[in-house]
>>> print(open('final_6.txt').read())   # compact mmCIF, C-alpha atoms and all ligand atoms
# COMPACT_ATOMS: atom_id res chain seq x y z
CA MET A 785 -22.20 5.28 7.06
CA ASP A 786 -25.74 6.42 7.17
CA SER A 787 -27.40 3.18 6.27
CA ASN A 788 -30.91 2.92 7.53
CA LEU A 789 -30.81 0.02 9.92
CA SER A 790 -34.26 0.40 11.39
CA ARG A 791 -34.92 -3.17 10.33
CA PHE A 792 -32.66 -4.45 13.10
CA THR A 793 -33.52 -4.66 16.74
CA ASN A 794 -30.92 -5.00 19.39
CA PRO A 795 -32.12 -7.40 22.06
CA LYS A 796 -31.05 -6.99 25.65
CA GLY A 797 -29.86 -10.08 27.45
CA SER A 798 -28.11 -13.12 26.13
CA SER A 799 -31.02 -15.53 26.22
CA CYS A 800 -32.12 -14.55 22.70
CA SER A 801 -31.72 -17.11 19.95
CA ALA A 802 -28.61 -16.91 17.86
CA THR A 803 -28.84 -15.13 14.50
CA GLN A 804 -26.35 -14.37 11.73
CA ASN A 805 -26.22 -10.75 12.82
CA LEU A 806 -24.32 -9.42 15.82
CA TYR A 807 -25.00 -6.17 17.61
CA VAL A 808 -21.59 -5.03 18.83
CA ALA A 809 -21.21 -2.21 21.36
CA ASN A 810 -18.03 -0.28 22.19
CA CYS A 811 -16.91 -0.57 18.59
CA GLY A 812 -17.15 1.88 15.69
CA PRO A 813 -15.76 5.03 14.06
CA ALA A 814 -16.45 7.19 17.14
CA VAL A 815 -13.98 5.10 19.17
CA GLY A 816 -11.39 5.11 16.39
CA ILE A 817 -12.23 1.77 14.76
CA SER A 818 -12.99 2.00 11.04
CA PHE A 819 -15.49 -0.20 9.22
CA GLU A 820 -12.58 -1.75 7.33
CA ASP A 821 -10.89 -2.71 10.63
CA ILE A 822 -14.14 -4.14 11.97
CA LYS A 823 -14.72 -6.15 8.82
CA SER A 824 -11.23 -7.56 8.76
CA PHE A 825 -11.31 -8.41 12.48
CA PHE A 826 -14.69 -10.16 12.37
CA SER A 827 -13.83 -11.93 9.09
CA THR A 828 -11.51 -14.24 11.03
CA PHE A 829 -14.67 -16.14 12.06
CA GLY A 830 -16.29 -16.36 8.62
CA GLU A 831 -17.60 -14.34 5.70
CA VAL A 832 -18.86 -10.91 6.75
CA VAL A 833 -21.53 -9.69 4.31
CA GLY A 834 -22.15 -6.29 5.88
CA ILE A 835 -21.17 -3.87 8.61
CA HIS A 836 -23.73 -1.22 9.47
CA VAL A 837 -24.23 1.48 12.05
CA ALA A 838 -26.66 0.30 14.74
CA ASP A 839 -27.62 3.86 15.71
CA ASP A 840 -26.27 7.41 15.53
CA SER A 841 -23.71 6.97 18.33
CA GLY A 842 -20.86 5.75 16.13
CA THR A 843 -19.97 3.28 18.90
CA ARG A 844 -22.37 0.47 18.07
CA VAL A 845 -22.45 -1.56 14.87
CA ILE A 846 -24.23 -4.52 13.36
CA VAL A 847 -21.98 -7.20 11.89
CA CYS A 848 -23.80 -9.48 9.43
CA TYR A 849 -22.35 -12.91 8.63
CA SER A 850 -23.35 -15.20 5.79
CA GLU A 851 -23.38 -18.19 8.17
CA LEU A 852 -24.95 -18.63 11.58
CA THR A 853 -22.00 -20.70 12.79
CA ALA A 854 -19.61 -17.81 12.12
CA ALA A 855 -21.77 -15.43 14.15
CA GLU A 856 -21.90 -17.96 17.00
CA ALA A 857 -18.13 -18.45 16.96
CA ALA A 858 -17.51 -14.69 17.04
CA PHE A 859 -20.05 -14.24 19.82
CA ARG A 860 -18.50 -17.00 21.99
CA THR A 861 -14.95 -15.79 21.45
CA LEU A 862 -15.36 -12.04 21.63
CA ASN A 863 -18.23 -11.13 23.93
CA GLY A 864 -16.86 -9.47 27.05
CA CYS A 865 -13.26 -10.11 26.06
CA HIS A 866 -10.39 -7.67 25.58
CA CYS A 867 -9.72 -7.50 21.85
CA GLY A 868 -6.04 -6.85 21.26
CA ALA A 869 -6.53 -6.17 17.55
CA LEU A 870 -9.03 -3.44 18.40
CA GLY A 871 -6.83 -1.60 20.87
CA GLY A 872 -7.72 -3.84 23.82
CA ARG A 873 -11.36 -2.75 23.87
CA ILE A 874 -13.95 -4.92 25.58
CA LEU A 875 -16.74 -5.68 23.14
CA HIS A 876 -20.31 -6.17 24.29
CA ILE A 877 -22.14 -8.38 21.85
CA ARG A 878 -25.72 -9.49 21.45
CA TYR A 879 -27.52 -11.28 18.64
CA SER A 880 -29.44 -8.86 16.49
CA ILE A 881 -32.81 -9.79 15.07
CA LEU A 882 -34.08 -8.75 11.68
CA GLN A 883 -37.54 -7.34 11.87
CA LEU A 884 -39.74 -8.58 9.09
CA LYS A 885 -40.82 -5.11 8.13
CA GLN A 886 -40.83 -5.24 4.37
CA LYS A 887 -42.69 -2.14 3.49
CA VAL A 888 -40.57 0.94 3.07
CA ASN A 889 -42.19 4.23 3.78
CA ASP A 890 -40.88 6.74 1.25
CA ASN A 891 -41.45 9.49 3.75
CA ASP A 892 -39.11 7.93 6.31
CA SER A 893 -36.38 10.46 6.85
CA LEU A 894 -33.26 9.35 5.05
CA PHE A 895 -29.98 11.21 5.17
CA VAL A 896 -29.20 12.58 1.71
CA SER A 897 -25.52 12.74 0.75
CA LEU A 898 -24.26 15.60 -1.38
CA VAL A 899 -21.12 13.86 -2.60
CA SER A 900 -20.46 10.27 -3.57
CA SER A 901 -17.65 9.79 -1.03
CA GLU A 902 -20.25 10.39 1.68
CA LEU A 903 -22.67 7.97 0.01
CA ALA A 904 -19.92 5.35 0.22
CA ILE A 905 -21.31 2.77 -2.21
CA PRO A 906 -18.41 1.16 -4.12
CA GLY A 907 -18.58 2.01 -7.83
CA ILE A 908 -20.92 4.99 -7.55
CA HIS A 909 -19.37 8.34 -8.38
CA LEU A 910 -20.95 11.76 -8.86
CA VAL A 911 -19.20 14.54 -10.78
CA HIS A 912 -20.68 18.00 -10.20
CA ASP A 913 -20.73 20.58 -13.02
CA PHE A 914 -19.84 17.99 -15.63
CA ILE A 915 -21.11 20.40 -18.29
CA THR A 916 -21.58 24.20 -18.34
CA SER A 917 -24.94 25.99 -18.23
CA GLU A 918 -24.50 26.90 -21.91
CA GLU A 919 -23.95 23.25 -22.84
CA GLU A 920 -26.97 22.29 -20.75
CA GLN A 921 -29.16 24.77 -22.70
CA GLU A 922 -27.85 23.46 -26.01
CA LEU A 923 -28.57 19.86 -25.05
CA LEU A 924 -32.08 20.70 -23.81
CA ALA A 925 -32.82 22.61 -27.02
CA ALA A 926 -31.48 19.71 -29.07
CA VAL A 927 -33.71 17.09 -27.42
CA ASP A 928 -36.74 19.36 -27.45
CA SER A 929 -36.38 19.69 -31.21
CA LYS A 930 -36.94 15.92 -31.55
CA PRO A 931 -40.19 14.03 -30.98
CA TRP A 932 -40.74 12.47 -27.55
CA LYS A 933 -42.38 9.11 -27.03
CA ASN A 934 -44.95 9.15 -24.22
CA LEU A 935 -44.78 6.47 -21.53
CA SER A 936 -47.29 6.28 -18.67
CA LYS A 937 -45.40 8.64 -16.38
CA ARG A 938 -42.61 10.11 -18.42
CA ARG A 939 -41.39 10.71 -21.94
CA VAL A 940 -38.40 9.14 -23.66
CA GLN A 941 -36.32 9.44 -26.76
CA HIS A 942 -34.30 6.44 -27.93
CA TYR A 943 -30.93 6.68 -29.61
CA GLY A 944 -29.09 3.62 -30.87
CA TYR A 945 -30.89 0.40 -29.96
CA GLU A 946 -34.62 0.69 -29.59
CA PHE A 947 -34.78 -1.10 -26.21
CA LEU A 948 -32.40 1.34 -24.58
CA TYR A 949 -33.92 4.08 -22.47
CA GLU A 950 -31.40 6.77 -23.21
CA VAL A 951 -33.20 10.05 -22.65
CA ASN A 952 -35.79 10.41 -19.98
CA ASP A 953 -37.91 13.45 -19.25
CA TYR A 954 -39.46 13.49 -15.79
CA PRO A 955 -42.40 15.72 -14.86
CA PRO A 956 -42.17 16.97 -11.23
CA GLY A 957 -42.81 14.27 -8.65
CA ILE A 958 -42.53 11.45 -11.13
CA GLY A 959 -39.71 9.08 -10.41
CA LEU A 960 -38.60 5.61 -11.37
CA SER A 961 -39.37 2.40 -9.51
CA PRO A 962 -36.45 0.67 -7.74
CA HIS A 963 -34.56 -1.47 -10.22
CA ILE A 964 -31.18 -2.82 -11.21
CA ASP A 965 -30.38 -2.36 -14.89
CA THR A 966 -30.42 -5.87 -16.37
CA HIS A 967 -26.91 -7.36 -16.14
CA SER A 968 -27.16 -9.38 -19.33
CA ALA A 969 -28.30 -6.41 -21.40
CA PHE A 970 -25.71 -3.79 -20.51
CA ASP A 971 -22.02 -3.57 -19.71
CA ASP A 972 -20.59 -2.55 -16.35
CA MET A 973 -20.57 1.23 -16.61
CA ILE A 974 -23.74 3.26 -16.81
CA CYS A 975 -23.57 7.06 -16.87
CA SER A 976 -26.41 9.44 -16.29
CA LEU A 977 -26.32 13.19 -16.88
CA SER A 978 -28.98 15.25 -15.07
CA LEU A 979 -30.31 18.40 -16.73
CA ALA A 980 -32.83 21.13 -15.95
CA GLY A 981 -34.04 20.08 -12.50
CA PRO A 982 -32.54 18.45 -9.40
CA CYS A 983 -33.68 15.20 -7.83
CA ILE A 984 -32.71 12.63 -5.26
CA MET A 985 -31.62 9.16 -6.20
CA GLU A 986 -32.14 6.49 -3.60
CA PHE A 987 -30.17 3.25 -3.48
CA ARG A 988 -31.44 0.08 -1.85
CA LYS A 989 -29.64 -3.12 -1.10
CA TYR A 990 -31.45 -6.21 0.00
CA LEU A 991 -29.39 -8.36 2.35
CA LEU A 992 -30.32 -11.63 3.96
CA GLY A 993 -33.82 -11.67 2.57
CA SER A 994 -35.65 -8.96 4.42
CA CYS A 995 -32.78 -6.74 5.54
CA LEU A 996 -32.75 -3.52 3.61
CA LEU A 997 -30.11 -0.81 3.42
CA ARG A 998 -31.13 2.55 2.06
CA LYS A 999 -28.92 5.44 1.02
CA ALA A 1000 -29.59 8.57 -1.02
CA ILE A 1001 -27.70 11.20 -2.97
CA PHE A 1002 -28.70 14.60 -4.29
CA LEU A 1003 -28.31 14.96 -8.07
CA PRO A 1004 -28.08 18.62 -9.06
CA PRO A 1005 -28.51 19.76 -12.69
CA ARG A 1006 -25.38 19.35 -14.85
CA SER A 1007 -24.02 16.53 -12.69
CA MET A 1008 -22.90 13.19 -14.09
CA LEU A 1009 -23.55 10.01 -12.12
CA LEU A 1010 -21.52 6.88 -12.81
CA LEU A 1011 -22.87 3.50 -11.74
CA SER A 1012 -20.35 0.69 -11.85
CA GLY A 1013 -19.23 -2.41 -9.95
CA GLU A 1014 -21.14 -3.18 -6.76
CA GLY A 1015 -23.27 -0.03 -7.11
CA ARG A 1016 -24.37 -0.97 -10.61
CA TYR A 1017 -24.77 -4.73 -10.07
CA SER A 1018 -26.22 -5.16 -6.61
CA TRP A 1019 -27.93 -1.95 -5.50
CA HIS A 1020 -31.39 -1.03 -6.77
CA HIS A 1021 -31.63 2.60 -7.78
CA TYR A 1022 -34.72 4.67 -7.65
CA ILE A 1023 -36.01 8.22 -7.89
CA PRO A 1024 -38.68 8.63 -5.20
CA HIS A 1025 -42.00 10.15 -6.30
CA ARG A 1026 -42.07 13.47 -4.50
CA LYS A 1027 -42.61 17.11 -5.35
CA VAL A 1028 -40.38 18.32 -2.53
CA ASP A 1029 -37.12 16.79 -1.32
CA ILE A 1030 -35.51 17.43 2.06
CA VAL A 1031 -31.74 17.61 1.66
CA GLN A 1032 -29.73 18.07 4.83
CA GLY A 1033 -32.50 20.09 6.47
CA LYS A 1034 -33.31 22.23 3.41
CA MET A 1035 -36.48 21.90 1.40
CA ILE A 1036 -35.86 21.63 -2.33
CA ARG A 1037 -38.76 21.81 -4.71
CA ARG A 1038 -38.54 19.69 -7.87
CA CYS A 1039 -38.49 21.81 -11.00
CA SER A 1040 -41.21 21.69 -13.63
CA LYS A 1041 -38.99 19.35 -15.59
CA ARG A 1042 -35.96 17.12 -15.25
CA VAL A 1043 -34.17 15.54 -18.19
CA SER A 1044 -31.63 12.77 -17.87
CA PHE A 1045 -29.30 11.45 -20.53
CA THR A 1046 -28.42 7.87 -19.68
CA PHE A 1047 -25.59 6.12 -21.50
CA ARG A 1048 -25.41 2.34 -21.50
CA LYS A 1049 -23.30 0.02 -23.61
CA VAL A 1050 -24.94 -3.11 -24.98
CA ARG A 1051 -23.27 -6.22 -23.61
CA SER A 1052 -22.00 -8.89 -25.97
CA GLY A 1053 -22.05 -12.26 -24.24
CA PRO A 1054 -23.22 -13.18 -20.73
CA CYS A 1055 -22.47 -11.13 -17.63
CA LYS A 1056 -19.73 -12.68 -15.47
CA CYS A 1057 -19.96 -10.27 -12.53
CA LYS A 1058 -19.17 -11.19 -8.91
CA PHE A 1059 -22.75 -10.44 -7.86
CA SER A 1060 -24.36 -13.68 -9.01
CA GLN A 1061 -27.26 -13.33 -6.58
CA TYR A 1062 -28.48 -10.33 -8.63
CA CYS A 1063 -27.30 -11.57 -12.03
CA ASP A 1064 -29.75 -12.81 -14.64
CA SER A 1065 -26.87 -14.30 -16.70
CA GLN A 1066 -25.85 -16.52 -13.77
CA LYS A 1067 -29.30 -17.43 -12.48
CA ASP A 1068 -29.41 -20.93 -13.96
CA ILE A 1069 -25.84 -21.95 -13.24
ZN ZN A 1101 -24.09 -9.92 -13.54
>>> encode(input="final_6.txt", output="structure tokens")
Amino acid sequence: MDSNLSRFTNPKGSSCSATQNLYVANCGPAVGISFEDIKSFFSTFGEVVGIHVADDSGTRVIVCYSELTAAEAAFRTLNGCHCGALGGRILHIRYSILQLKQKVNDNDSLFVSLVSSELAIPGIHLVHDFITSEEEQELLAAVDSKPWKNLSKRRVQHYGYEFLYEVNDYPPGIGLSPHIDTHSAFDDMICSLSLAGPCIMEFRKYLLGSCLLRKAIFLPPRSMLLLSGEGRYSWHHYIPHRKVDIVQGKMIRRCSKRVSFTFRKVRSGPCKCKFSQYCDSQKDI
């Protein structure tokens, strides 16, 4: 729900050139129309690749199509018309333009979800208090009794295959660059247990070239994060480099140390996921 859509502009007037993205007013959760309803309604004109809030009103959305012709058909048919399937509402539609603003400012305010249902990325689940404080202390003592390998910004210990990054130790303010774990290397489910200090994990999805969605979730100590499906295969994940995080208006200082235990299963055979655009196994097909 709280996707950052600052990369869209919403032109006034109908003389603007057609684009694959429609700005639709008088439509959204605040007028009782769910994203699922909007997607299914607009899908009658072609493949809808995203529905996003246009602003904070809850009454204006951006509908992104994969094809320009679908957006044009929906625009011609629906603009200014009573839509029976949407409770007879009159939709006001304009073409929405993607701004070519590639650079993301990490200090842009981004709503931080506390629970995964609020984050609303399919396949991403967060379980709070997955282990007890006593278990956390035991695990931290266990890893600290083993030698760490120094990387440029963090330390790791490997268990199992050497190329797996299975235990990461993050000094305060040191994060990870945005990445998708290589499809061909690891199976669908990736689990990550956070210990010692909290952090924020940001998710980014690149749509239609330059369109970027950003979402974030707060990972407290002792929580377990599961990445699977769409969340694992098509969203980049990232821990921003900051010493202080703002979470729903509260300032949270990173601790002197954060440890994560990440569990991945080595894949045998090529990845056959539905997200071929992001899939290294399916790149050459
Ligand atoms: Zn894949």
>>> closest_atom_pairs(input="final_6.txt", of="chain A", to="ligand ZN 1101 (chain A)", cutoff="8 Å", atoms="only C-alpha atoms and all ligand atoms", output="tab-separated table")
residue	atom	partner	partner_atom	distance
A:His967	CA	A:ZN1101	ZN	4.6
A:Ser968	CA	A:ZN1101	ZN	6.6
A:Tyr1017	CA	A:ZN1101	ZN	6.3
A:Pro1054	CA	A:ZN1101	ZN	7.9
A:Cys1055	CA	A:ZN1101	ZN	4.6
A:Lys1056	CA	A:ZN1101	ZN	5.5
A:Cys1057	CA	A:ZN1101	ZN	4.3
A:Lys1058	CA	A:ZN1101	ZN	6.9
A:Phe1059	CA	A:ZN1101	ZN	5.9
A:Ser1060	CA	A:ZN1101	ZN	5.9
A:Tyr1062	CA	A:ZN1101	ZN	6.6
A:Cys1063	CA	A:ZN1101	ZN	3.9
A:Asp1064	CA	A:ZN1101	ZN	6.4
A:Ser1065	CA	A:ZN1101	ZN	6.1
A:Gln1066	CA	A:ZN1101	ZN	6.8
>>> write_last_selection(input="final_6.txt", atoms="C-alpha atoms", output="compact mmCIF listing (two decimals), keeping the file's coordinate frame")
# COMPACT_ATOMS: atom_id res chain seq x y z
CA HIS A 967 -26.91 -7.36 -16.14
CA SER A 968 -27.16 -9.38 -19.33
CA TYR A 1017 -24.77 -4.73 -10.07
CA PRO A 1054 -23.22 -13.18 -20.73
CA CYS A 1055 -22.47 -11.13 -17.63
CA LYS A 1056 -19.73 -12.68 -15.47
CA CYS A 1057 -19.96 -10.27 -12.53
CA LYS A 1058 -19.17 -11.19 -8.91
CA PHE A 1059 -22.75 -10.44 -7.86
CA SER A 1060 -24.36 -13.68 -9.01
CA TYR A 1062 -28.48 -10.33 -8.63
CA CYS A 1063 -27.30 -11.57 -12.03
CA ASP A 1064 -29.75 -12.81 -14.64
CA SER A 1065 -26.87 -14.30 -16.70
CA GLN A 1066 -25.85 -16.52 -13.77
>>> atom_distance(input="final_6.txt", atom1="atom CA of A:Gly842", atom2="atom CA of A:Pro1024")
27.9 Å
>>> closest_residue(input="final_6.txt", among="A:Ile1036, A:Ile1001, A:Ala802, A:Ala858", to="A:Val896", atoms="only C-alpha atoms")
A:Ile1001
>>> residues_around(input="final_6.txt", residues="A:Pro982", least_positions_apart="4", cutoff="6 Å", atoms="all atoms listed in the file", output="count of residues only")
3
>>> residues_around(input="final_6.txt", residues="A:Glu922", least_positions_apart="6", cutoff="12 Å", atoms="all atoms listed in the file", output="tab-separated table (two decimals) with C-alpha atoms, keeping the file's coordinate frame")
chain	number	residue	atom	x	y	z
A	915	ILE	CA	-21.11	20.40	-18.29
A	916	THR	CA	-21.58	24.20	-18.34
A	928	ASP	CA	-36.74	19.36	-27.45
A	929	SER	CA	-36.38	19.69	-31.21
A	979	LEU	CA	-30.31	18.40	-16.73
A	980	ALA	CA	-32.83	21.13	-15.95
